[in-house]
$ cat work20.txt   # compact mmCIF, C-alpha atoms
# COMPACT_ATOMS: atom_id res chain seq x y z
CA MET A 1 -26.92 15.15 7.23
CA ALA A 2 -26.60 15.03 11.00
CA THR A 3 -25.87 18.29 12.82
CA SER A 4 -22.63 16.96 14.27
CA ASP A 5 -21.45 16.10 10.77
CA ILE A 6 -22.06 19.68 9.63
CA GLN A 7 -20.06 20.92 12.59
CA ILE A 8 -17.21 18.56 11.83
CA ALA A 9 -17.32 19.62 8.16
CA GLU A 10 -17.18 23.30 9.09
CA HIS A 11 -14.44 22.62 11.57
CA ALA A 12 -12.45 20.56 9.08
CA LEU A 13 -12.57 23.12 6.24
CA GLN A 14 -9.34 25.10 6.22
CA HIS A 15 -9.88 28.77 5.44
CA HIS A 16 -7.71 28.78 2.32
CA PHE A 17 -9.99 26.32 0.52
CA ALA A 18 -13.20 27.35 -1.22
CA ASP A 19 -15.09 24.22 -0.18
CA MET A 20 -14.69 20.65 1.07
CA GLU A 21 -14.44 19.21 -2.44
CA GLN A 22 -11.54 21.49 -3.35
CA GLN A 23 -9.85 20.60 -0.07
CA ARG A 24 -10.31 16.89 -0.73
CA GLU A 25 -8.94 17.14 -4.27
CA THR A 26 -5.94 19.12 -3.08
CA ALA A 27 -5.07 16.55 -0.42
CA SER A 28 -5.38 13.71 -2.90
CA PHE A 29 -3.36 15.63 -5.50
CA GLY A 30 -0.64 16.30 -2.93
CA MET A 31 -0.29 12.61 -2.17
CA TRP A 32 -0.15 11.78 -5.88
CA ALA A 33 2.60 14.37 -6.33
CA PHE A 34 4.52 12.73 -3.49
CA LEU A 35 3.99 9.31 -5.08
CA LEU A 36 5.47 10.72 -8.31
CA THR A 37 8.67 11.45 -6.40
CA GLU A 38 8.47 7.93 -4.96
CA VAL A 39 8.25 6.49 -8.49
CA MET A 40 11.47 8.33 -9.30
CA PHE A 41 13.05 7.25 -5.99
CA PHE A 42 12.40 3.57 -6.67
CA GLY A 43 12.94 4.24 -10.39
CA GLY A 44 16.62 4.93 -9.80
CA MET A 45 16.99 1.51 -8.23
CA PHE A 46 14.96 -0.19 -10.93
CA CYS A 47 17.29 1.51 -13.40
CA ALA A 48 20.35 0.07 -11.61
CA TYR A 49 18.64 -3.33 -11.66
CA LEU A 50 18.03 -3.02 -15.41
CA VAL A 51 21.65 -2.08 -16.17
CA TYR A 52 23.17 -4.92 -14.11
CA ARG A 53 20.64 -7.51 -15.19
CA ALA A 54 21.48 -6.70 -18.81
CA ALA A 55 25.21 -6.97 -18.06
CA TYR A 56 25.26 -10.01 -15.72
CA TYR A 57 22.14 -11.95 -16.66
CA GLN A 58 23.53 -15.38 -15.66
CA ALA A 59 24.41 -14.15 -12.17
CA PHE A 60 20.86 -12.81 -11.81
CA VAL A 61 19.41 -16.16 -12.85
CA GLN A 62 21.50 -17.99 -10.25
CA GLY A 63 20.75 -15.44 -7.55
CA SER A 64 17.05 -15.69 -8.29
CA GLN A 65 17.21 -19.48 -7.85
CA ARG A 66 18.04 -18.83 -4.19
CA MET A 67 14.86 -16.83 -3.65
CA ASP A 68 12.07 -18.46 -1.65
CA LEU A 69 9.38 -18.45 -4.34
CA LEU A 70 6.61 -19.63 -2.01
CA ALA A 71 7.34 -16.91 0.56
CA GLY A 72 7.47 -14.29 -2.20
CA ALA A 73 4.19 -15.42 -3.75
CA VAL A 74 2.44 -15.59 -0.36
CA ASN A 75 3.72 -12.12 0.47
CA THR A 76 2.38 -10.82 -2.84
CA ALA A 77 -1.03 -12.25 -1.92
CA VAL A 78 -0.77 -10.79 1.61
CA LEU A 79 -0.11 -7.29 0.23
CA ILE A 80 -2.97 -7.62 -2.28
CA CYS A 81 -5.29 -8.60 0.60
CA SER A 82 -4.06 -5.60 2.61
CA SER A 83 -4.77 -3.37 -0.39
CA LEU A 84 -8.33 -4.72 -0.48
CA THR A 85 -8.93 -4.05 3.23
CA MET A 86 -7.45 -0.56 2.79
CA ALA A 87 -9.75 0.12 -0.18
CA LEU A 88 -12.70 -1.09 1.91
CA ALA A 89 -11.58 1.18 4.78
CA VAL A 90 -11.62 4.20 2.44
CA ARG A 91 -15.02 3.10 1.14
CA ALA A 92 -16.40 2.83 4.68
CA ALA A 93 -14.92 6.25 5.50
CA LYS A 94 -16.82 7.81 2.59
CA MET A 95 -19.99 6.31 4.05
CA GLY A 96 -19.17 7.70 7.49
CA LYS A 97 -18.97 4.26 9.16
CA SER A 98 -16.12 4.99 11.57
CA LYS A 99 -16.19 1.62 13.36
CA THR A 100 -15.94 -0.27 10.07
CA VAL A 101 -13.05 1.95 9.00
CA VAL A 102 -11.15 1.16 12.20
CA THR A 103 -11.81 -2.58 11.79
CA PHE A 104 -10.52 -2.62 8.20
CA LEU A 105 -7.50 -0.51 9.15
CA LEU A 106 -6.58 -2.91 11.96
CA ILE A 107 -6.86 -5.86 9.54
CA THR A 108 -4.62 -3.95 7.12
CA ILE A 109 -2.03 -3.51 9.90
CA LEU A 110 -2.21 -7.25 10.62
CA PHE A 111 -1.51 -8.05 6.95
CA ALA A 112 1.37 -5.57 6.99
CA PHE A 113 2.91 -7.31 10.00
CA ALA A 114 2.37 -10.70 8.35
CA PHE A 115 4.29 -9.41 5.33
CA LEU A 116 7.17 -8.23 7.52
CA VAL A 117 7.33 -11.51 9.46
CA ILE A 118 7.49 -13.59 6.26
CA LYS A 119 10.09 -11.19 4.82
CA GLY A 120 12.03 -11.46 8.09
CA PHE A 121 12.22 -15.24 7.79
CA GLU A 122 13.46 -14.84 4.21
CA TYR A 123 16.08 -12.28 5.26
CA HIS A 124 17.21 -14.60 8.05
CA GLY A 125 17.63 -17.47 5.57
CA HIS A 126 19.73 -15.33 3.22
CA TRP A 127 21.74 -13.98 6.15
CA VAL A 128 22.75 -17.39 7.55
CA ASP A 129 23.54 -18.58 4.01
CA HIS A 130 26.01 -15.67 3.66
CA GLN A 131 23.93 -14.16 0.87
CA PHE A 132 24.46 -10.70 2.26
CA PRO A 133 26.86 -8.37 0.40
CA GLY A 134 30.07 -7.68 2.25
CA PRO A 135 33.22 -9.50 3.42
CA ASN A 136 31.31 -12.65 4.41
CA PHE A 137 29.44 -12.98 1.15
CA HIS A 138 29.55 -16.49 -0.23
CA PHE A 139 27.61 -18.00 -3.08
CA GLU A 140 27.38 -21.48 -4.57
CA PRO A 141 25.14 -21.68 -7.65
CA LEU A 142 22.47 -24.39 -7.49
CA LYS A 143 23.06 -25.17 -11.16
CA GLY A 144 24.49 -23.61 -14.26
CA PRO A 145 28.00 -22.39 -15.12
CA ALA A 146 30.16 -20.75 -12.48
CA VAL A 147 29.89 -16.98 -12.59
CA ASP A 148 31.91 -14.27 -10.90
CA PRO A 149 30.65 -14.12 -7.26
CA LEU A 150 31.02 -10.34 -7.45
CA HIS A 151 28.23 -10.31 -10.03
CA THR A 152 25.97 -12.41 -7.82
CA GLU A 153 26.82 -10.06 -4.99
CA ILE A 154 25.45 -7.20 -7.09
CA PHE A 155 22.20 -9.15 -7.48
CA PHE A 156 21.96 -9.58 -3.71
CA SER A 157 22.90 -5.94 -3.09
CA LEU A 158 19.99 -4.86 -5.26
CA TYR A 159 17.75 -7.45 -3.61
CA TRP A 160 18.52 -6.28 -0.06
CA VAL A 161 18.36 -2.57 -0.87
CA MET A 162 15.20 -2.66 -2.99
CA THR A 163 13.18 -5.05 -0.81
CA GLY A 164 14.67 -3.38 2.29
CA LEU A 165 13.52 0.08 1.24
CA HIS A 166 10.17 -1.42 0.33
CA ALA A 167 9.96 -3.01 3.80
CA LEU A 168 10.81 0.41 5.26
CA HIS A 169 7.81 1.78 3.37
CA VAL A 170 5.67 -0.98 4.87
CA ILE A 171 6.86 0.02 8.37
CA VAL A 172 6.09 3.69 7.66
CA GLY A 173 2.69 2.52 6.37
CA ILE A 174 2.01 0.71 9.65
CA MET A 175 2.86 3.90 11.57
CA LEU A 176 0.63 6.01 9.31
CA ILE A 177 -2.31 3.62 9.63
CA THR A 178 -1.87 3.49 13.42
CA TRP A 179 -1.95 7.29 13.48
CA LEU A 180 -5.04 7.15 11.28
CA VAL A 181 -6.81 4.89 13.78
CA THR A 182 -6.14 7.36 16.62
CA VAL A 183 -7.45 10.25 14.48
CA ILE A 184 -10.64 8.34 13.74
CA LEU A 185 -11.11 7.25 17.35
CA ARG A 186 -10.91 10.94 18.35
CA GLY A 187 -13.80 11.58 15.97
CA ARG A 188 -11.90 13.79 13.54
CA VAL A 189 -13.11 11.94 10.45
CA SER A 190 -16.62 11.82 8.97
CA ALA A 191 -18.34 11.21 5.62
CA HIS A 192 -17.66 14.90 4.92
CA TYR A 193 -14.02 14.88 5.87
CA TYR A 194 -12.06 11.70 5.26
CA ASN A 195 -8.94 13.13 3.57
CA PRO A 196 -6.49 11.43 5.98
CA VAL A 197 -7.99 8.00 5.19
CA ASP A 198 -7.98 8.77 1.48
CA THR A 199 -4.33 9.91 1.32
CA VAL A 200 -2.90 7.18 3.58
CA GLY A 201 -4.88 4.74 1.44
CA LEU A 202 -3.18 6.05 -1.71
CA TYR A 203 0.23 5.63 -0.05
CA TRP A 204 -0.56 2.07 1.01
CA HIS A 205 -1.72 1.04 -2.46
CA PHE A 206 1.52 2.44 -3.85
CA VAL A 207 3.52 0.23 -1.47
CA ASP A 208 1.56 -2.72 -2.87
CA LEU A 209 2.25 -1.50 -6.42
CA VAL A 210 6.02 -1.43 -5.90
CA TRP A 211 5.99 -5.01 -4.61
CA ILE A 212 3.96 -6.10 -7.66
CA TYR A 213 7.07 -5.23 -9.72
CA LEU A 214 9.69 -6.40 -7.20
CA PHE A 215 8.18 -9.88 -7.03
CA PRO A 216 8.66 -10.98 -10.68
CA LEU A 217 11.98 -9.12 -11.01
CA PHE A 218 13.64 -10.96 -8.12
CA TYR A 219 11.73 -14.21 -7.69
CA LEU A 220 10.73 -15.18 -11.20
CA ILE A 221 13.89 -14.86 -13.31
CA SER A 222 14.15 -17.89 -15.55
CA LYS A 223 12.40 -20.39 -13.25
CA GLN A 224 12.03 -23.01 -16.00
CA HIS A 225 15.77 -23.82 -15.84
CA GLY A 226 15.96 -23.48 -12.08
CA SER A 227 14.68 -25.05 -8.89
CA MET B 228 -27.32 8.33 6.51
CA ALA B 229 -27.17 8.91 2.77
CA ALA B 230 -23.79 9.92 1.44
CA PRO B 231 -23.74 13.59 0.43
CA ALA B 232 -23.44 14.30 -3.27
CA HIS B 233 -20.16 16.17 -3.10
CA THR B 234 -18.09 13.33 -1.64
CA GLY B 235 -16.20 10.98 -3.93
CA HIS B 236 -17.96 8.19 -5.75
CA ILE B 237 -18.45 5.08 -3.60
CA GLY B 238 -17.47 1.94 -5.48
CA SER B 239 -19.57 -1.17 -5.00
CA LEU B 240 -18.34 -3.93 -2.72
CA LYS B 241 -18.59 -6.38 -5.63
CA LEU B 242 -16.18 -4.28 -7.69
CA TYR B 243 -13.51 -4.24 -4.98
CA LEU B 244 -13.83 -7.96 -4.35
CA GLY B 245 -13.70 -8.60 -8.10
CA ILE B 246 -10.48 -6.59 -8.48
CA TRP B 247 -9.00 -8.41 -5.48
CA GLY B 248 -9.86 -11.81 -7.01
CA LEU B 249 -8.41 -10.72 -10.35
CA LEU B 250 -5.15 -9.59 -8.67
CA LEU B 251 -4.77 -12.93 -6.86
CA LEU B 252 -5.53 -14.82 -10.09
CA LEU B 253 -2.91 -12.80 -11.97
CA THR B 254 -0.34 -13.48 -9.22
CA PHE B 255 -1.03 -17.21 -9.54
CA THR B 256 -0.78 -16.91 -13.35
CA THR B 257 2.56 -15.10 -13.31
CA VAL B 258 4.09 -17.77 -11.03
CA MET B 259 2.76 -20.59 -13.26
CA VAL B 260 3.91 -18.92 -16.51
CA ALA B 261 7.40 -18.47 -15.02
CA PHE B 262 7.87 -22.24 -15.13
CA VAL B 263 7.03 -22.41 -18.84
CA ASP B 264 10.00 -21.84 -21.12
CA LEU B 265 9.12 -18.91 -23.37
CA GLY B 266 12.71 -17.91 -24.01
CA PRO B 267 13.16 -14.13 -23.97
CA PHE B 268 9.40 -13.66 -23.62
CA ASN B 269 9.29 -14.86 -19.99
CA ILE B 270 10.32 -11.43 -18.73
CA VAL B 271 7.94 -9.75 -21.20
CA VAL B 272 4.97 -11.79 -19.96
CA ALA B 273 5.98 -11.24 -16.31
CA LEU B 274 6.19 -7.46 -16.81
CA VAL B 275 2.94 -7.31 -18.80
CA ILE B 276 1.11 -9.17 -16.01
CA ALA B 277 2.74 -6.91 -13.38
CA THR B 278 1.64 -3.86 -15.36
CA ILE B 279 -1.94 -5.15 -15.63
CA LYS B 280 -1.94 -5.72 -11.85
CA GLY B 281 -0.44 -2.28 -11.23
CA SER B 282 -3.03 -0.66 -13.50
CA LEU B 283 -5.87 -2.42 -11.66
CA VAL B 284 -4.52 -1.16 -8.32
CA ALA B 285 -4.09 2.41 -9.62
CA LEU B 286 -7.39 2.63 -11.54
CA PHE B 287 -9.69 0.97 -9.01
CA PHE B 288 -8.08 0.87 -5.55
CA MET B 289 -6.47 4.30 -5.97
CA HIS B 290 -9.56 5.58 -7.85
CA LEU B 291 -7.49 7.00 -10.69
CA ARG B 292 -10.28 6.37 -13.21
CA GLU B 293 -12.57 8.79 -11.37
CA SER B 294 -9.87 11.29 -10.37
CA SER B 295 -9.44 14.82 -11.64
CA LYS B 296 -7.48 15.52 -14.84
CA MET B 297 -4.71 17.07 -12.72
CA THR B 298 -4.23 13.83 -10.80
CA MET B 299 -4.20 11.80 -14.02
CA ILE B 300 -1.53 14.12 -15.43
CA VAL B 301 0.63 13.48 -12.33
CA ALA B 302 0.18 9.71 -12.68
CA VAL B 303 1.04 9.74 -16.39
CA ALA B 304 3.93 12.15 -15.76
CA SER B 305 5.48 9.72 -13.25
CA LEU B 306 5.50 7.01 -15.92
CA PHE B 307 6.84 9.46 -18.50
CA TRP B 308 9.78 10.54 -16.31
CA LEU B 309 10.48 6.94 -15.38
CA PHE B 310 10.51 6.11 -19.09
CA ILE B 311 13.06 8.89 -19.73
CA LEU B 312 15.22 7.66 -16.84
CA LEU B 313 15.24 4.05 -18.02
CA SER B 314 15.43 4.63 -21.78
CA LEU B 315 18.15 7.27 -21.80
CA THR B 316 20.27 5.23 -19.38
CA MET B 317 19.91 2.15 -21.53
CA THR B 318 20.68 4.08 -24.74
CA ASP B 319 24.00 4.87 -23.11
CA TYR B 320 24.78 1.35 -21.89
CA VAL B 321 23.62 -0.39 -25.07
CA SER B 322 25.54 1.90 -27.41
CA ARG B 323 28.77 1.72 -25.38
CA ALA B 324 29.20 -1.88 -26.53
CA TRP B 325 29.30 -0.62 -30.12
CA SER B 326 32.79 0.78 -29.67
CA THR B 327 34.24 -0.90 -26.58
CA ARG B 328 33.16 -3.92 -24.57
CA LEU B 329 30.90 -3.23 -21.57
CA HIS B 330 32.94 -5.24 -19.09

$ encode --input "work20.txt" --output "structure tokens"
Amino acid sequence: MATSDIQIAEHALQHHFADMEQQRETASFGMWAFLLTEVMFFGGMFCAYLVYRAAYYQAFVQGSQRMDLLAGAVNTAVLICSSLTMALAVRAAKMGKSKTVVTFLLITILFAFAFLVIKGFEYHGHWVDHQFPGPNFHFEPLKGPAVDPLHTEIFFSLYWVMTGLHALHVIVGIMLITWLVTVILRGRVSAHYYNPVDTVGLYWHFVDLVWIYLFPLFYLISKQHGS
Amino acid sequence: MAAPAHTGHIGSLKLYLGIWGLLLLLTFTTVMVAFVDLGPFNIVVALVIATIKGSLVALFFMHLRESSKMTMIVAVASLFWLFILLSLTMTDYVSRAWSTRLH
């Protein structure tokens, strides 16, 4: 252990913790507790989705046919790649390789922006096609029986709110990772104290996890009868 | 510099790349399966695959499998509360149709 590392470790240990390990576990536990509240936060919306999908299944099928499957699938892959680079950043942080951590974090930010750009193009497409809930909402089913447009509007309301709040989490993630990079560049993180990398990593993986469920629920409803 | 013993376990590079490959493969699978007509089982398969992917992310990327018992309790608790939220809500909506029509 290098002397500077010992100094950083001593500096990083808050007085109310017995040792670094307890401090690390507490930080990780705190983020998990926050993620529990996030599960319930998104859970409420998943619950609304479940209720309306059960009630207006045909409208959900027709709404889903208007989703850009390729963009959704590519975005799923982009987020999975960003999860990998984040996991590798945490791994490098544990080994004390600060430069590698920064590199992986910057790649993660790039993936995050790629996700938002692709999502932006999708949002633009839905917007110009009047698939945005409100007075200008208009919907023509690609195929299948005519359903009440109000029911399709509910599908798109859930789509915009759920993917929108997810995108908000991606933006917050970008801000957190940027902050993380500045913390590392100031030399506040070492193999003995990498809690910030660990906890932001947990948050980022959770953002990926939410999308893993959003993707099949909005893009993959009954594709075999659709486009 | 050797990693000190008290820091968290460092997973091998191979493991992370393997999980990443598996996640991409499962994404490809779920898109392909969506085009096969399985009747009511399409959503079941899609959710099972999503849950496998989610478990891989939580267990390996989020290191849940080597976390403390406390952390595991939090993770399981989140699923448990979500289960209560979804199941009790649906008990209401499903049973309403028994007496009056839903819409």

$ residues_around --input "work20.txt" --residues "Met317 of chain B" --least-positions-apart "4" --cutoff "9 Å" --atoms "all atoms listed in the file" --output "ChimeraX atom specification"
/A:47,50-51 /B:312-313,321-322

$ atom_distance --input "work20.txt" --atom1 "atom CA of Ile174 of chain A" --atom2 "atom CA of Ile109 of chain A"
5.8 Å

$ residues_around --input "work20.txt" --residues "segment 288-294 of chain B" --least-positions-apart "3" --cutoff "8 Å" --atoms "only C-alpha atoms" --output "CSV table (one decimal) with C-alpha atoms, keeping the file's coordinate frame"
chain,number,residue,atom,x,y,z
A,83,SER,CA,-4.8,-3.4,-0.4
A,84,LEU,CA,-8.3,-4.7,-0.5
A,87,ALA,CA,-9.8,0.1,-0.2
A,201,GLY,CA,-4.9,4.7,1.4
A,202,LEU,CA,-3.2,6.0,-1.7
A,205,HIS,CA,-1.7,1.0,-2.5
B,236,HIS,CA,-18.0,8.2,-5.8
B,243,TYR,CA,-13.5,-4.2,-5.0
B,283,LEU,CA,-5.9,-2.4,-11.7
B,284,VAL,CA,-4.5,-1.2,-8.3
B,285,ALA,CA,-4.1,2.4,-9.6
B,298,THR,CA,-4.2,13.8,-10.8
B,299,MET,CA,-4.2,11.8,-14.0

$ interface_residues --input "work20.txt" --of "chain B" --to "chain A" --cutoff "7 Å" --atoms "all atoms listed in the file" --output "MDAnalysis selection string"
chainID B and resid 228 230 233:234 237 243 247 251 261:264 273 277 281 284 288:289 298 301:302 305 309 313

$ atom_distance --input "work20.txt" --atom1 "atom CA of Met67 of chain A" --atom2 "atom CA of Glu122 of chain A"
8.2 Å

$ decode --input "work20.txt" --residues "segment 178-208 of chain A" --atoms "N, CA and C atoms" --output "compact mmCIF listing (two decimals), in the first residue's frame"
# COMPACT_ATOMS: atom_id res chain seq x y z
N THR A 178 -20.68 12.73 -14.48
CA THR A 178 -19.81 13.88 -14.71
C THR A 178 -19.21 14.36 -13.39
N TRP A 179 -20.05 14.44 -12.36
CA TRP A 179 -19.57 14.82 -11.03
C TRP A 179 -18.50 13.83 -10.56
N LEU A 180 -18.77 12.55 -10.81
CA LEU A 180 -17.84 11.49 -10.41
C LEU A 180 -16.47 11.70 -11.05
N VAL A 181 -16.48 12.07 -12.34
CA VAL A 181 -15.22 12.28 -13.05
C VAL A 181 -14.43 13.41 -12.38
N THR A 182 -15.12 14.50 -12.01
CA THR A 182 -14.40 15.61 -11.37
C THR A 182 -13.84 15.19 -10.01
N VAL A 183 -14.60 14.38 -9.28
CA VAL A 183 -14.12 13.89 -7.97
C VAL A 183 -12.85 13.06 -8.15
N ILE A 184 -12.86 12.21 -9.16
CA ILE A 184 -11.70 11.34 -9.39
C ILE A 184 -10.50 12.15 -9.86
N LEU A 185 -10.77 13.13 -10.75
CA LEU A 185 -9.67 13.95 -11.25
C LEU A 185 -9.03 14.77 -10.13
N ARG A 186 -9.81 15.07 -9.08
CA ARG A 186 -9.24 15.80 -7.94
C ARG A 186 -8.54 14.85 -6.95
N GLY A 187 -8.48 13.55 -7.33
CA GLY A 187 -7.74 12.60 -6.53
C GLY A 187 -8.42 12.19 -5.24
N ARG A 188 -9.75 12.26 -5.20
CA ARG A 188 -10.47 11.92 -3.96
C ARG A 188 -10.78 10.42 -3.86
N VAL A 189 -10.50 9.67 -4.93
CA VAL A 189 -10.89 8.27 -4.95
C VAL A 189 -9.64 7.39 -5.09
N SER A 190 -9.59 6.30 -4.33
CA SER A 190 -8.47 5.38 -4.44
C SER A 190 -8.99 3.96 -4.27
N ALA A 191 -8.10 2.96 -4.31
CA ALA A 191 -8.51 1.57 -4.12
C ALA A 191 -9.09 1.37 -2.72
N HIS A 192 -8.80 2.31 -1.80
CA HIS A 192 -9.29 2.18 -0.43
C HIS A 192 -10.57 2.95 -0.19
N TYR A 193 -10.85 3.88 -1.09
CA TYR A 193 -12.08 4.65 -0.95
C TYR A 193 -12.66 4.92 -2.33
N TYR A 194 -13.60 4.08 -2.74
CA TYR A 194 -14.22 4.25 -4.05
C TYR A 194 -15.74 4.25 -3.93
N ASN A 195 -16.26 4.59 -2.75
CA ASN A 195 -17.71 4.57 -2.52
C ASN A 195 -18.51 5.37 -3.55
N PRO A 196 -18.05 6.58 -3.93
CA PRO A 196 -18.84 7.33 -4.92
C PRO A 196 -18.99 6.56 -6.23
N VAL A 197 -17.93 5.91 -6.69
CA VAL A 197 -18.00 5.15 -7.94
C VAL A 197 -18.97 3.98 -7.77
N ASP A 198 -18.85 3.31 -6.64
CA ASP A 198 -19.70 2.16 -6.32
C ASP A 198 -21.19 2.53 -6.34
N THR A 199 -21.54 3.60 -5.63
CA THR A 199 -22.95 3.96 -5.48
C THR A 199 -23.54 4.51 -6.78
N VAL A 200 -22.79 5.38 -7.48
CA VAL A 200 -23.30 5.88 -8.75
C VAL A 200 -23.44 4.72 -9.73
N GLY A 201 -22.53 3.76 -9.64
CA GLY A 201 -22.62 2.56 -10.47
C GLY A 201 -23.92 1.82 -10.22
N LEU A 202 -24.26 1.64 -8.94
CA LEU A 202 -25.52 0.95 -8.59
C LEU A 202 -26.70 1.68 -9.22
N TYR A 203 -26.71 3.01 -9.10
CA TYR A 203 -27.80 3.82 -9.66
C TYR A 203 -27.89 3.59 -11.17
N TRP A 204 -26.74 3.62 -11.84
CA TRP A 204 -26.75 3.51 -13.29
C TRP A 204 -27.27 2.15 -13.74
N HIS A 205 -26.87 1.09 -13.04
CA HIS A 205 -27.36 -0.25 -13.40
C HIS A 205 -28.87 -0.33 -13.21
N PHE A 206 -29.37 0.38 -12.20
CA PHE A 206 -30.82 0.38 -11.96
C PHE A 206 -31.55 1.03 -13.13
N VAL A 207 -30.98 2.12 -13.66
CA VAL A 207 -31.58 2.79 -14.82
C VAL A 207 -31.66 1.81 -16.00
N ASP A 208 -30.61 1.02 -16.16
CA ASP A 208 -30.60 -0.02 -17.20
C ASP A 208 -31.70 -1.04 -16.93
